[in-house]
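Coordinates from final14.txt are shown below (compact mmCIF, C-alpha atoms).
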# COMPACT_ATOMS: atom_id res chain seq x y z
CA MET B 42 228.59 170.92 41.59
CA SER B 43 230.40 168.14 39.76
CA GLU B 44 227.25 166.57 38.34
CA GLY B 45 226.69 166.19 34.67
CA ILE B 46 224.72 164.60 31.91
CA ALA B 47 226.68 162.65 29.33
CA GLU B 48 225.49 161.03 26.12
CA LEU B 49 226.27 157.31 26.02
CA SER B 50 228.09 155.81 23.03
CA ARG B 51 226.37 152.98 21.18
CA ASN B 52 228.73 150.52 22.88
CA GLU B 53 227.76 151.90 26.29
CA ILE B 54 224.09 151.74 25.33
CA ASP B 55 224.50 148.10 24.24
CA GLU B 56 226.19 147.30 27.56
CA LEU B 57 223.18 148.71 29.40
CA LEU B 58 220.70 146.87 27.17
CA ASN B 59 222.55 143.58 27.62
CA ALA B 60 222.82 144.00 31.39
CA GLN B 61 219.18 144.87 32.06
CA VAL B 62 216.24 142.51 31.62
CA VAL B 63 213.21 144.79 32.06
CA GLY B 64 212.25 147.44 29.55
CA ARG B 65 209.15 149.56 29.24
CA ILE B 66 207.14 149.94 26.08
CA GLY B 67 205.32 153.21 25.52
CA CYS B 68 202.53 153.04 23.00
CA HIS B 69 199.72 155.33 21.97
CA ALA B 70 196.39 154.77 20.28
CA GLU B 71 193.09 156.60 20.21
CA GLY B 72 194.23 159.35 22.55
CA LEU B 73 195.60 157.01 25.23
CA THR B 74 199.27 156.66 26.12
CA TYR B 75 200.22 153.43 27.86
CA VAL B 76 203.50 152.32 29.44
CA VAL B 77 204.01 148.69 30.33
CA PRO B 78 207.04 146.73 31.56
CA VAL B 79 208.27 143.71 29.63
CA ILE B 80 211.09 141.19 29.82
CA TYR B 81 213.12 141.40 26.65
CA ALA B 82 215.91 139.81 24.66
CA TYR B 83 218.10 142.05 22.51
CA ASP B 84 220.03 141.21 19.34
CA GLY B 85 221.50 144.61 18.52
CA ASP B 86 218.72 145.58 16.10
CA ALA B 87 215.53 144.83 17.97
CA PHE B 88 213.95 143.86 21.29
CA TYR B 89 212.12 140.54 21.40
CA VAL B 90 209.14 139.95 23.65
CA VAL B 91 206.79 137.03 24.15
CA THR B 92 203.66 137.93 26.05
CA ILE B 93 199.98 137.22 26.35
CA GLU B 94 197.57 139.17 24.24
CA GLY B 95 196.28 142.26 25.96
CA GLN B 96 196.03 146.03 25.89
CA LYS B 97 199.58 146.76 24.75
CA VAL B 98 199.36 144.36 21.82
CA ARG B 99 195.98 145.75 20.77
CA MET B 100 197.35 149.30 20.91
CA MET B 101 200.56 148.49 19.02
CA ARG B 102 198.59 146.78 16.26
CA LYS B 103 196.69 150.06 15.86
CA ASN B 104 199.80 152.26 16.06
CA PRO B 105 203.16 150.48 15.59
CA ARG B 106 205.24 153.58 16.35
CA VAL B 107 206.39 152.93 19.90
CA CYS B 108 209.01 153.94 22.43
CA PHE B 109 211.15 151.42 24.32
CA GLU B 110 212.95 152.48 27.48
CA VAL B 111 215.57 150.82 29.70
CA ASP B 112 217.13 152.38 32.75
CA ASP B 113 219.44 151.63 35.63
CA TYR B 114 219.35 153.82 38.72
CA GLU B 115 221.73 153.41 41.57
CA ARG B 116 222.47 155.78 44.43
CA GLY B 117 221.69 158.95 42.53
CA SER B 118 223.34 157.93 39.24
CA TRP B 119 221.40 157.02 36.12
CA ARG B 120 221.97 155.33 32.85
CA SER B 121 219.08 155.16 30.44
CA ALA B 122 218.40 154.26 26.84
CA ILE B 123 215.40 155.51 24.92
CA VAL B 124 214.45 153.97 21.61
CA GLN B 125 212.05 155.08 18.94
CA GLY B 126 210.98 151.91 17.23
CA ARG B 127 208.49 149.98 15.22
CA PHE B 128 206.30 147.15 16.51
CA GLU B 129 206.42 144.02 14.37
CA GLU B 130 204.35 141.01 15.24
CA LEU B 131 206.22 137.77 14.56
CA ASP B 132 205.04 134.78 12.61
CA SER B 133 205.65 131.28 13.92
CA GLN B 134 209.25 131.22 12.64
CA GLY B 135 209.97 134.63 14.20
CA ALA B 136 208.26 133.59 17.40
CA ALA B 137 210.49 130.51 17.62
CA ARG B 138 213.54 132.77 17.29
CA ALA B 139 212.19 135.12 19.98
CA VAL B 140 211.60 132.21 22.35
CA ALA B 141 215.12 130.91 21.63
CA LEU B 142 216.67 134.33 22.36
CA LEU B 143 214.66 134.70 25.57
CA SER B 144 215.40 131.13 26.66
CA ALA B 145 219.12 131.61 26.04
CA ARG B 146 219.03 134.75 28.12
CA PHE B 147 216.98 133.47 31.03
CA SER B 148 217.72 129.76 31.14
CA ALA B 149 220.01 130.22 34.16
CA GLY B 150 217.36 131.87 36.31
CA GLY B 151 214.41 130.13 34.74
CA ALA B 152 212.59 133.46 34.43
CA GLU B 153 211.54 132.75 30.88
CA ARG B 154 209.77 129.56 31.89
CA ARG B 155 207.82 131.45 34.53
CA ARG B 156 206.08 133.79 32.13
CA PRO B 157 202.35 133.49 32.66
CA THR B 158 200.79 131.76 29.70
CA ASP B 159 197.95 130.05 31.48
CA GLN B 160 195.40 132.83 31.40
CA GLY B 161 193.39 131.43 28.54
CA ARG B 162 194.64 134.18 26.25
CA ALA B 163 196.76 133.76 23.13
CA THR B 164 200.52 134.10 23.33
CA VAL B 165 201.91 136.84 21.10
CA ALA B 166 205.53 137.24 20.01
CA PHE B 167 206.73 140.56 18.67
CA ARG B 168 209.80 142.66 18.27
CA ILE B 169 210.47 146.37 18.51
CA VAL B 170 212.84 147.27 15.68
CA ILE B 171 215.17 150.13 16.59
CA GLU B 172 214.84 153.19 14.40
CA GLU B 173 216.58 155.67 16.66
CA ILE B 174 218.37 155.16 19.95
CA THR B 175 219.82 157.56 22.48
CA GLY B 176 221.50 156.88 25.80
CA ARG B 177 222.29 159.13 28.65
CA ALA B 178 224.22 158.94 31.89
CA VAL B 179 223.62 161.29 34.78
CA ARG B 180 226.56 161.02 37.10
CA SER B 181 226.58 162.34 40.62
CA MET X 216 201.52 125.76 36.15
CA SER X 217 200.88 127.63 39.37
CA GLU X 218 201.52 131.07 37.88
CA GLY X 219 198.92 133.74 37.84
CA ILE X 220 198.12 137.37 37.38
CA ALA X 221 196.41 139.12 40.28
CA GLU X 222 195.03 142.63 40.48
CA LEU X 223 196.59 144.62 43.33
CA SER X 224 194.39 146.41 45.85
CA ARG X 225 194.87 150.15 46.27
CA ASN X 226 196.76 149.47 49.50
CA GLU X 227 199.09 147.08 47.71
CA ILE X 228 199.57 149.61 44.92
CA ASP X 229 200.40 152.31 47.48
CA GLU X 230 202.95 150.00 49.10
CA LEU X 231 204.64 149.54 45.74
CA LEU X 232 204.58 153.28 44.98
CA ASN X 233 206.02 154.12 48.40
CA ALA X 234 208.75 151.49 48.12
CA GLN X 235 210.00 152.40 44.65
CA VAL X 236 211.75 155.63 43.73
CA VAL X 237 211.91 155.47 39.93
CA GLY X 238 208.86 155.80 37.73
CA ARG X 239 208.51 156.22 33.99
CA ILE X 240 206.41 158.87 32.35
CA GLY X 241 204.88 158.09 28.99
CA CYS X 242 203.83 161.12 26.99
CA HIS X 243 202.71 161.72 23.44
CA ALA X 244 202.71 164.78 21.21
CA GLU X 245 202.77 165.34 17.48
CA GLY X 246 202.89 161.64 16.62
CA LEU X 247 205.79 160.82 18.94
CA THR X 248 205.52 158.65 22.06
CA TYR X 249 208.25 159.16 24.61
CA VAL X 250 209.04 157.25 27.82
CA VAL X 251 211.45 158.72 30.32
CA PRO X 252 212.48 157.69 33.84
CA VAL X 253 212.06 160.09 36.75
CA ILE X 254 212.61 160.12 40.49
CA TYR X 255 209.32 160.84 42.20
CA ALA X 256 207.64 161.60 45.48
CA TYR X 257 204.08 160.37 46.03
CA ASP X 258 201.37 161.81 48.28
CA GLY X 259 198.52 159.41 47.48
CA ASP X 260 196.96 161.67 44.83
CA ALA X 261 199.85 162.63 42.61
CA PHE X 262 203.50 162.06 41.72
CA TYR X 263 205.85 165.00 42.21
CA VAL X 264 208.89 165.55 40.04
CA VAL X 265 211.52 168.27 39.86
CA THR X 266 213.58 168.17 36.70
CA ILE X 267 215.35 170.31 34.15
CA GLU X 268 213.42 171.56 31.19
CA GLY X 269 213.65 169.26 28.20
CA GLN X 270 211.75 167.08 25.77
CA LYS X 271 209.35 165.49 28.28
CA VAL X 272 208.27 168.84 29.69
CA ARG X 273 207.78 170.33 26.22
CA MET X 274 205.68 167.33 25.20
CA MET X 275 203.55 167.31 28.37
CA ARG X 276 202.84 171.02 27.96
CA LYS X 277 201.43 170.18 24.53
CA ASN X 278 199.51 167.10 25.70
CA PRO X 279 198.97 166.79 29.47
CA ARG X 280 197.35 163.34 29.25
CA VAL X 281 200.18 161.06 30.34
CA CYS X 282 200.87 157.61 31.71
CA PHE X 283 202.99 156.97 34.79
CA GLU X 284 204.42 153.51 35.41
CA VAL X 285 206.21 151.92 38.37
CA ASP X 286 207.38 148.33 38.52
CA ASP X 287 209.34 145.91 40.64
CA TYR X 288 210.74 142.77 39.07
CA GLU X 289 212.49 140.11 41.07
CA ARG X 290 213.35 136.56 40.04
CA GLY X 291 210.45 136.13 37.67
CA SER X 292 207.82 137.87 39.81
CA TRP X 293 206.38 141.27 38.98
CA ARG X 294 204.44 143.97 40.65
CA SER X 295 203.51 146.98 38.56
CA ALA X 296 201.29 150.03 38.77
CA ILE X 297 200.06 151.90 35.73
CA VAL X 298 198.48 155.31 36.09
CA GLN X 299 196.52 157.43 33.67
CA GLY X 300 197.10 160.96 34.80
CA ARG X 301 197.24 164.65 34.06
CA PHE X 302 200.41 166.72 33.91
CA GLU X 303 200.23 169.90 36.00
CA GLU X 304 203.12 172.32 36.08
CA LEU X 305 203.63 173.78 39.55
CA ASP X 306 203.93 177.41 40.49
CA SER X 307 206.59 178.51 43.00
CA GLN X 308 204.45 177.47 45.98
CA GLY X 309 203.75 174.08 44.45
CA ALA X 310 207.39 173.67 43.50
CA ALA X 311 208.42 174.32 47.11
CA ARG X 312 206.05 171.57 48.24
CA ALA X 313 207.44 169.21 45.59
CA VAL X 314 211.00 169.91 46.70
CA ALA X 315 209.99 169.35 50.34
CA LEU X 316 208.35 166.01 49.50
CA LEU X 317 211.36 164.88 47.47
CA SER X 318 213.80 166.08 50.13
CA ALA X 319 211.90 164.26 52.86
CA ARG X 320 211.99 161.12 50.80
CA PHE X 321 215.61 161.24 49.75
CA SER X 322 217.34 163.08 52.57
CA ALA X 323 218.80 159.84 53.93
CA GLY X 324 220.51 158.90 50.67
CA GLY X 325 221.06 162.42 49.45
CA ALA X 326 219.73 161.44 46.03
CA GLU X 327 217.57 164.52 45.81
CA ARG X 328 220.55 166.82 46.25
CA ARG X 329 222.32 165.08 43.41
CA ARG X 330 219.79 165.91 40.76
CA PRO X 331 221.52 167.65 37.89
CA THR X 332 220.53 171.31 37.85
CA ASP X 333 223.72 172.76 36.47
CA GLN X 334 223.06 172.37 32.78
CA GLY X 335 222.09 175.98 32.17
CA ARG X 336 218.47 174.97 31.68
CA ALA X 337 215.52 176.00 33.82
CA THR X 338 214.32 173.76 36.63
CA VAL X 339 210.70 172.67 36.26
CA ALA X 340 208.49 171.24 38.99
CA PHE X 341 205.36 169.34 38.05
CA ARG X 342 202.99 166.71 39.27
CA ILE X 343 201.10 163.91 37.60
CA VAL X 344 197.62 163.84 39.13
CA ILE X 345 196.17 160.33 39.26
CA GLU X 346 192.96 159.88 37.29
CA GLU X 347 192.98 156.09 37.09
CA ILE X 348 195.32 153.55 38.62
CA THR X 349 195.68 149.83 38.20
CA GLY X 350 198.14 147.44 39.75
CA ARG X 351 199.04 143.93 38.89
CA ALA X 352 201.12 141.16 40.36
CA VAL X 353 202.45 138.28 38.32
CA ARG X 354 203.51 135.56 40.71
CA SER X 355 205.66 132.66 39.73
Rewrite the coordinates I just gave you, this time as structure tokens.
Amino acid sequence: MSEGIAELSRNEIDELLNAQVVGRIGCHAEGLTYVVPVIYAYDGDAFYVVTIEGQKVRMMRKNPRVCFEVDDYERGSWRSAIVQGRFEELDSQGAARAVALLSARFSAGGAERRRPTDQGRATVAFRIVIEEITGRAVRS
Amino acid sequence: MSEGIAELSRNEIDELLNAQVVGRIGCHAEGLTYVVPVIYAYDGDAFYVVTIEGQKVRMMRKNPRVCFEVDDYERGSWRSAIVQGRFEELDSQGAARAVALLSARFSAGGAERRRPTDQGRATVAFRIVIEEITGRAVRS
């Protein structure tokens, strides 16, 4: 068979991260592992997320060592990036930067404006700072 | 705003799980949380995966309590399912069933045949048995 797994270069990983909009955070606290999708912005060093307070935020406050995953699957071929990172909650200045990054990214489609913030729960802005990143392509 | 988060019924969750082909496993062992995408088949009780031996399998053997996540994001609207489950490695009979389920699912596109199995590493078949499942829709 001509299939194979190839490691992606950092440039190829950055291409994937800039092309995709949905990533999944994996977090773990008190014996529970939890994976949740988020819309992100990416600045080369970290992933920025603005969300409403909930289970993932509570878990990451308890254990800031998290995984962040992005993938692209098409007709049997994969590209994926897997990050080991550190959760950092943002103060109001950091939150403004996160909102600006997300707005810049999604202003065309308006996706950023459609985030649900009307649930009566606090909005939380955070970033996942990259500590280690690997990327892989599985080509058919 | 007219946005809102709605819980999905089990039927709606099953629709999502039957429509999607990529899920992400979140596992945790020895202080590390790891999220990895997989192609799955679904029989209503468990997710079936055939893969090559690697980090995720080693971690799930150490800690079989895992999370399995499936999502669908389109123009600002989400559906997602998040499962708390138990990793079970399959014996040869179970592996044959997993391969049959995956083949039935992917025979049209041939994706199943294109899985990489030529890396000199053992093939592993496993399932994630559902213990708890929640689904959510975020509508814009």
Next item on the list: Place a sphere of radius 12 Å on (211.2, 154.0, 35.6) in the file coordinates and name every protein, DNA or RNA residue with an atom inside or on its surface, counting all atoms listed in the file; give the answer as a ChimeraX atom specification.
Entry: /B:63-67,76-78,109-114,119-123 /X:232,235-241,250-255,282-288,295-297
Check: Could you state the separation of CA of Val179 (chain B) and CA of Gly269 (chain X) in Å, given to one decimal place?
Finding: 14.4 Å
Next item on the list: Go through X:Ile343, X:Ala221, X:Leu247, X:Leu305 one by one, measure the shortest atom-to-atom distance of each to chain B using all atoms listed in the file, and give the residue with the smallest value.
Entry: X:Leu247
Notebook entry, point to check: Looking at all atoms listed in the file, which of B:Gln134, B:Gln125, B:Ser148, B:Thr92 is the one that sits closest to Ala166 (chain B)?
Noted result: B:Thr92
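Here the question is which of X:Asp229, X:Glu222, X:Glu346, X:Glu304 gets nearest to Arg273 (chain X) using all atoms listed in the file, and that residue is X:Glu304.
Using all atoms listed in the file, the residues found no farther than 6 Å from Cys68 (chain B), other than those of its own chain fewer than 3 positions away, are Thr74, Tyr75 and Val107 of chain B.
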Output region 85-102 of chain B with N, CA, C and O atoms present, as a tab-separated table (two decimals), in the coordinates of the input.
chain	number	residue	atom	x	y	z
B	85	GLY	N	220.75	143.51	19.13
B	85	GLY	CA	221.50	144.61	18.52
B	85	GLY	C	220.65	145.46	17.58
B	85	GLY	O	220.95	146.63	17.35
B	86	ASP	N	219.59	144.86	17.03
B	86	ASP	CA	218.72	145.58	16.10
B	86	ASP	C	217.30	145.74	16.62
B	86	ASP	O	216.57	146.62	16.17
B	87	ALA	N	216.92	144.85	17.52
B	87	ALA	CA	215.53	144.83	17.97
B	87	ALA	C	215.42	144.20	19.36
B	87	ALA	O	216.35	143.52	19.82
B	88	PHE	N	214.30	144.47	20.01
B	88	PHE	CA	213.95	143.86	21.29
B	88	PHE	C	212.86	142.83	21.05
B	88	PHE	O	211.87	143.13	20.36
B	89	TYR	N	213.04	141.66	21.62
B	89	TYR	CA	212.12	140.54	21.40
B	89	TYR	C	211.33	140.28	22.67
B	89	TYR	O	211.92	140.19	23.77
B	90	VAL	N	210.04	140.13	22.51
B	90	VAL	CA	209.14	139.95	23.65
B	90	VAL	C	208.14	138.86	23.30
B	90	VAL	O	207.64	138.79	22.18
B	91	VAL	N	207.89	138.00	24.28
B	91	VAL	CA	206.79	137.03	24.15
B	91	VAL	C	205.85	137.30	25.31
B	91	VAL	O	206.27	137.37	26.47
B	92	THR	N	204.60	137.49	25.02
B	92	THR	CA	203.66	137.93	26.05
B	92	THR	C	202.29	137.34	25.76
B	92	THR	O	202.10	136.62	24.78
B	93	ILE	N	201.35	137.62	26.66
B	93	ILE	CA	199.98	137.22	26.35
B	93	ILE	C	199.24	138.41	25.76
B	93	ILE	O	199.57	139.56	26.04
B	94	GLU	N	198.29	138.12	24.94
B	94	GLU	CA	197.57	139.17	24.24
B	94	GLU	C	196.85	140.06	25.26
B	94	GLU	O	196.29	139.59	26.23
B	95	GLY	N	196.91	141.35	25.03
B	95	GLY	CA	196.28	142.26	25.96
B	95	GLY	C	196.33	143.67	25.41
B	95	GLY	O	196.56	143.88	24.22
B	96	GLN	N	196.17	144.64	26.32
B	96	GLN	CA	196.03	146.03	25.89
B	96	GLN	C	197.20	146.52	25.05
B	96	GLN	O	197.02	147.17	24.03
B	97	LYS	N	198.44	146.20	25.49
B	97	LYS	CA	199.58	146.76	24.75
B	97	LYS	C	199.63	146.23	23.32
B	97	LYS	O	199.93	146.97	22.39
B	98	VAL	N	199.33	144.94	23.16
B	98	VAL	CA	199.36	144.36	21.82
B	98	VAL	C	198.26	144.97	20.95
B	98	VAL	O	198.48	145.34	19.80
B	99	ARG	N	197.07	145.13	21.54
B	99	ARG	CA	195.98	145.75	20.77
B	99	ARG	C	196.35	147.16	20.33
B	99	ARG	O	196.09	147.57	19.20
B	100	MET	N	196.98	147.92	21.25
B	100	MET	CA	197.35	149.30	20.91
B	100	MET	C	198.45	149.34	19.85
B	100	MET	O	198.42	150.17	18.94
B	101	MET	N	199.45	148.46	19.98
B	101	MET	CA	200.56	148.49	19.02
B	101	MET	C	200.14	148.02	17.63
B	101	MET	O	200.70	148.43	16.63
B	102	ARG	N	199.12	147.15	17.58
B	102	ARG	CA	198.59	146.78	16.26
B	102	ARG	C	197.94	147.99	15.60
B	102	ARG	O	197.99	148.14	14.38
